[in-house]
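Undergrad: Take this structure first; my questions come after.
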Amino acid sequence: MKRSWRVQMAATMAALLAAAAVAAPSGAAGTAGVSAGCTPKTNIEAIVDDSGSMSITDESRLRVQAMGLLINTLPPKTFLGAVEFGSSGFETPAASTVFPPEPVGPNGVAMKTALEAVINADSGATDYNSAFAKADADDPTSQARIFLTDGGHNEGAYNEAHLAHNVPTYVIGFGTGLTLEEDRARLQKIATDTGGQVFQLEDNTQLQPVMNKIGAALTCQTPPREFKDLLKQGQSKTHTIAVGASTKTLQIALSWASASDVFKLGRLKLIAKGKIIAAGRPKIAKLKVKKTSSATFAVAKISGLRKGTLRFSVKAAKIGSGEPKVQLTTQVGPGSGK
């Protein structure tokens, strides 16, 4: 299906605006980057590739962690469902339910438990047709989809299954199984046809930050400001971000690639006119901090903010993966208010 030049131009401009928001050296969080006509998606279906090749391209199962980060950061009333897919040669049917569409607030723990139990790279080849068909059957009223894969469709002819239920589809493709131009073009087409966006990644290490960006887009949040630090054990890095007068809450998400490493967020201070006006410690106006974490990510929801500059530090508390230095991605955005 061909898209008009106007739709293509709009998608290009949206991508450029998002990139500019991430790359900007400074700016007030929560003040720009969201279309005035954006409607938050309250019913989302995730389609997760669990083919055998994932045992190589995502041995550490960062796709499970990325889904966990999404669950932790979506608004509590948002419905989320998930299916896994591979091929019927190894599993009948080729796609199956991981968990049905339910609100993430009361069901988040069960959702993450199901992902841990089911996503094991044991589903054979890669059948896009079955993947989209199962997602549509499980959640025929979904308002958006997330499609994650490490390979091209290789089970017969692809029948444009993404168009049967045409809703914005955010596509994540990664790994050496997506080097053919035909496969990359198909992922781009799925995103373009549905009014979504495609993320072509070299490997699995950026699955969590990308999923966080997608969560922000789906809920009409300003794209998160992003910092990347290469840290050795015990090393810290301080960052600052401007806080606008209308910004009362922010979300800080840390993500990294190995469960053997541990990173910490600390030294939160809100500064105005050179003075500390709030901090995450007593004897001063208190910032409220709610933290959640997993093996490869940590999320802090900061409330009690007012106009000023938020300063914080990130620290490599433990580097157990054997690398001298490890990359940490820190993303700061409005968050869901959860």
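Starting from 1 in every chain, residues are counted up; chains themselves are A, B, ... following the order of the structure tokens, and ligands are numbered from 1 as listed.
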Name the residues of region 143-324 of chain A that fall into alpha helix (DSSP H) according to DSSP on the backbone, using the chain letters and numbers of this document, as a short mmCIF file (atom, residue, chain, number, x, y, z; two decimals) with N, CA and C atoms, in the first residue's frame.
TA:
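Output contents, as saved in result-v4.cif:
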```
data_model
loop_
_atom_site.label_atom_id
_atom_site.label_comp_id
_atom_site.auth_asym_id
_atom_site.auth_seq_id
_atom_site.Cartn_x
_atom_site.Cartn_y
_atom_site.Cartn_z
N GLU A 181 18.31 -6.16 2.45
CA GLU A 181 17.53 -4.95 2.18
C GLU A 181 16.04 -5.24 2.11
N GLU A 182 15.67 -6.40 1.55
CA GLU A 182 14.26 -6.77 1.46
C GLU A 182 13.61 -6.86 2.84
N ASP A 183 14.32 -7.45 3.78
CA ASP A 183 13.77 -7.60 5.13
C ASP A 183 13.66 -6.25 5.84
N ARG A 184 14.67 -5.42 5.69
CA ARG A 184 14.65 -4.10 6.32
C ARG A 184 13.55 -3.23 5.71
N ALA A 185 13.39 -3.35 4.39
CA ALA A 185 12.34 -2.59 3.71
C ALA A 185 10.95 -3.02 4.17
N ARG A 186 10.78 -4.31 4.44
CA ARG A 186 9.47 -4.79 4.90
C ARG A 186 9.14 -4.20 6.27
N LEU A 187 10.12 -4.15 7.16
CA LEU A 187 9.86 -3.56 8.48
C LEU A 187 9.51 -2.08 8.34
N GLN A 188 10.22 -1.39 7.46
CA GLN A 188 9.91 0.02 7.23
C GLN A 188 8.49 0.17 6.68
N LYS A 189 8.11 -0.71 5.78
CA LYS A 189 6.77 -0.64 5.19
C LYS A 189 5.68 -0.88 6.23
N ILE A 190 5.90 -1.83 7.11
CA ILE A 190 4.92 -2.09 8.16
C ILE A 190 4.69 -0.82 9.00
N ALA A 191 5.78 -0.16 9.36
CA ALA A 191 5.66 1.07 10.15
C ALA A 191 5.00 2.18 9.34
N THR A 192 5.44 2.38 8.10
CA THR A 192 4.92 3.47 7.27
C THR A 192 3.45 3.27 6.92
N ASP A 193 3.09 2.03 6.54
CA ASP A 193 1.69 1.74 6.18
C ASP A 193 0.73 2.03 7.32
N THR A 194 1.17 1.83 8.54
CA THR A 194 0.27 1.94 9.69
C THR A 194 0.40 3.28 10.42
N LEU A 207 17.54 -2.18 23.19
CA LEU A 207 16.12 -2.53 23.22
C LEU A 207 15.37 -1.78 24.32
N GLN A 208 15.97 -1.67 25.49
CA GLN A 208 15.28 -1.02 26.60
C GLN A 208 15.09 0.49 26.37
N PRO A 209 16.14 1.24 26.00
CA PRO A 209 15.93 2.66 25.72
C PRO A 209 14.92 2.92 24.60
N VAL A 210 14.97 2.09 23.56
CA VAL A 210 14.03 2.27 22.45
C VAL A 210 12.60 1.99 22.91
N MET A 211 12.41 0.94 23.70
CA MET A 211 11.07 0.65 24.21
C MET A 211 10.56 1.80 25.07
N ASN A 212 11.45 2.44 25.81
CA ASN A 212 11.05 3.58 26.63
C ASN A 212 10.60 4.75 25.76
N LYS A 213 11.31 4.98 24.63
CA LYS A 213 10.90 6.02 23.69
C LYS A 213 9.53 5.72 23.10
N ILE A 214 9.31 4.46 22.76
CA ILE A 214 8.02 4.06 22.19
C ILE A 214 6.90 4.28 23.21
N GLY A 215 7.16 3.91 24.46
CA GLY A 215 6.16 4.13 25.51
C GLY A 215 5.80 5.60 25.64
N ALA A 216 6.79 6.48 25.53
CA ALA A 216 6.54 7.92 25.60
C ALA A 216 5.68 8.37 24.43
N ALA A 217 6.00 7.87 23.23
CA ALA A 217 5.23 8.26 22.04
C ALA A 217 3.78 7.78 22.14
N LEU A 218 3.58 6.56 22.62
CA LEU A 218 2.24 6.00 22.70
C LEU A 218 1.36 6.74 23.70
#
```
Undergrad: Near Val289 (chain A), counting only C-alpha atoms, which residues have an atom at most 7 Å away, once you skip same-chain residues fewer than 6 positions from it, shown as a list of chain:residue names?
TA: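 These residues fall inside the cut-off: A:Ala300, A:Lys301, A:Ile302, A:Ser303.
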Undergrad: Find the residues near Asn72 (chain A): any atom within 9 Å, counting only C-alpha atoms, skip ones fewer than 2 places away on the same chain, and give them as an MDAnalysis selection string.
TA: chainID A and resid 67:70 74:76 104:105 108 292:293 299 338
Undergrad: Provide the CA of Arg63 (chain A) to CA of Asp49 (chain A) distance in Å, to one decimal place.
TA: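 One can read the CA of Arg63 (chain A) to CA of Asp49 (chain A) distance as 9.0 Å.
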Undergrad: Find the residues around Asp136 (chain A) up to 12 Å (only C-alpha atoms counted), leave out those fewer than 3 positions away in its own chain, and share them as a PyMOL selection string.
TA: chain A and resi 44-47+81-83+95-97+100-101+129-133+139-145+161-167
Undergrad: From the options A:Thr205, A:Thr169, A:Gln221, A:Gln233, which residue's atoms come nearest to Glu59 (chain A), counting only C-alpha atoms?
TA: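 When distances to Glu59 (chain A) are compared using only C-alpha atoms, the smallest one comes from A:Thr205.
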Undergrad: I'd like the interatomic distance between CA of Gly322 (chain A) and CA of Asp261 (chain A), to a tenth of an Å.
TA: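 Going from CA of Gly322 (chain A) over to CA of Asp261 (chain A) covers 9.2 Å.
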Undergrad: Please provide as number ranges by chain all residues within 10 Å of Gly274 (chain A), with the sequence filter that same-chain residues fewer than 3 positions apart are discarded (counting only C-alpha atoms).
TA: A: 270-271, 277, 308-309
Undergrad: For the residues selected in the previous step, produce a file with all heavy atoms as a tab-separated table (two decimals), in the first residue's frame.
TA:
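Output below, filename selection-v2.tsv:
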```tsv
chain	number	residue	atom	x	y	z
A	270	LEU	N	17.22	19.98	43.36
A	270	LEU	CA	16.57	20.97	42.51
A	270	LEU	C	17.16	22.33	42.87
A	270	LEU	O	17.12	22.75	44.03
A	270	LEU	CB	15.06	20.97	42.73
A	270	LEU	CG	14.24	21.90	41.84
A	270	LEU	CD1	14.39	21.52	40.37
A	270	LEU	CD2	12.77	21.89	42.25
A	271	ILE	N	17.71	23.01	41.88
A	271	ILE	CA	18.45	24.25	42.11
A	271	ILE	C	17.78	25.40	41.38
A	271	ILE	O	17.37	25.26	40.22
A	271	ILE	CB	19.91	24.10	41.64
A	271	ILE	CG1	20.59	22.95	42.41
A	271	ILE	CG2	20.69	25.39	41.80
A	271	ILE	CD1	21.91	22.54	41.83
A	277	ILE	N	16.82	24.22	46.36
A	277	ILE	CA	15.49	24.49	46.89
A	277	ILE	C	14.71	23.21	47.21
A	277	ILE	O	13.67	23.26	47.87
A	277	ILE	CB	14.67	25.37	45.93
A	277	ILE	CG1	14.55	24.70	44.54
A	277	ILE	CG2	15.31	26.75	45.79
A	277	ILE	CD1	13.64	25.45	43.58
A	308	GLY	N	13.32	25.30	37.88
A	308	GLY	CA	14.72	25.30	38.31
A	308	GLY	C	15.52	24.35	37.46
A	308	GLY	O	15.17	24.07	36.31
A	309	THR	N	16.59	23.83	38.03
A	309	THR	CA	17.44	22.85	37.34
A	309	THR	C	17.57	21.62	38.22
A	309	THR	O	17.97	21.72	39.38
A	309	THR	CB	18.84	23.44	37.07
A	309	THR	OG1	18.71	24.58	36.21
A	309	THR	CG2	19.74	22.41	36.39
```
Undergrad: Show which residues sit within 7 Å of region 310-317 of chain A, as a PyMOL selection string. Count only C-alpha atoms, and ignore same-chain residues fewer than 3 positions away.
TA: chain A and resi 231-243+262-271
Undergrad: Go ahead and save the residues from that selection, with C-alpha atoms, as a compact mmCIF listing (two decimals), in the first residue's frame.
TA:
```
# COMPACT_ATOMS: atom_id res chain seq x y z
CA LEU A 231 31.52 4.12 33.30
CA LYS A 232 33.97 1.94 35.20
CA GLN A 233 33.17 0.45 38.60
CA GLY A 234 32.73 3.14 41.25
CA GLN A 235 32.65 5.96 38.71
CA SER A 236 29.85 8.57 38.79
CA LYS A 237 28.57 11.11 36.30
CA THR A 238 26.47 14.17 37.09
CA HIS A 239 23.74 15.42 34.76
CA THR A 240 21.40 18.40 34.82
CA ILE A 241 18.12 19.14 33.12
CA ALA A 242 16.03 22.32 33.12
CA VAL A 243 12.61 22.04 34.75
CA VAL A 262 24.46 -2.57 38.89
CA PHE A 263 23.88 1.17 38.47
CA LYS A 264 22.46 3.61 40.97
CA LEU A 265 20.74 6.99 40.79
CA GLY A 266 21.41 9.53 43.53
CA ARG A 267 22.23 13.06 44.70
CA LEU A 268 18.95 14.50 43.47
CA LYS A 269 18.84 18.27 43.89
CA LEU A 270 16.57 20.97 42.51
CA ILE A 271 18.45 24.25 42.11
```
Undergrad: So which residues of region 139-250 of chain A fall under strand (DSSP E or B) by DSSP, listed as an NGL selection string?
TA: :A and (144-149 or 169-174 or 197-201 or 225-231 or 236-243 or 249-250)
Undergrad: One decimal, in Å: what's the spacing between CA of Asp203 (chain A) and CA of Thr57 (chain A)?
TA: 7.0 Å
Undergrad: Counting only C-alpha atoms, what is within 8 Å of Asn154 (chain A), bar same-chain residues fewer than 4 positions away, as a list in words?
TA: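 Answer for this query is Ala125, Thr126 and Asp127 of chain A.
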Undergrad: Could you save the residues just selected, with N, CA and C atoms, as a short mmCIF file (atom, residue, chain, number, x, y, z; two decimals), in the first residue's frame?
TA:
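File produced: selection31.cif:
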```cif
data_model
loop_
_atom_site.label_atom_id
_atom_site.label_comp_id
_atom_site.auth_asym_id
_atom_site.auth_seq_id
_atom_site.Cartn_x
_atom_site.Cartn_y
_atom_site.Cartn_z
N ALA A 125 11.16 -20.78 13.38
CA ALA A 125 11.48 -19.76 12.39
C ALA A 125 10.68 -18.47 12.65
N THR A 126 10.41 -17.68 11.60
CA THR A 126 9.85 -16.34 11.82
C THR A 126 8.67 -16.12 10.88
N ASP A 127 7.47 -16.22 11.41
CA ASP A 127 6.24 -16.12 10.62
C ASP A 127 5.48 -14.85 11.02
#
```
Undergrad: Between A:Ala94, A:Phe79, A:Asn204, A:Leu230, which one has atoms that come closest to Pro324 (chain A), using only C-alpha atoms?
TA: A:Leu230
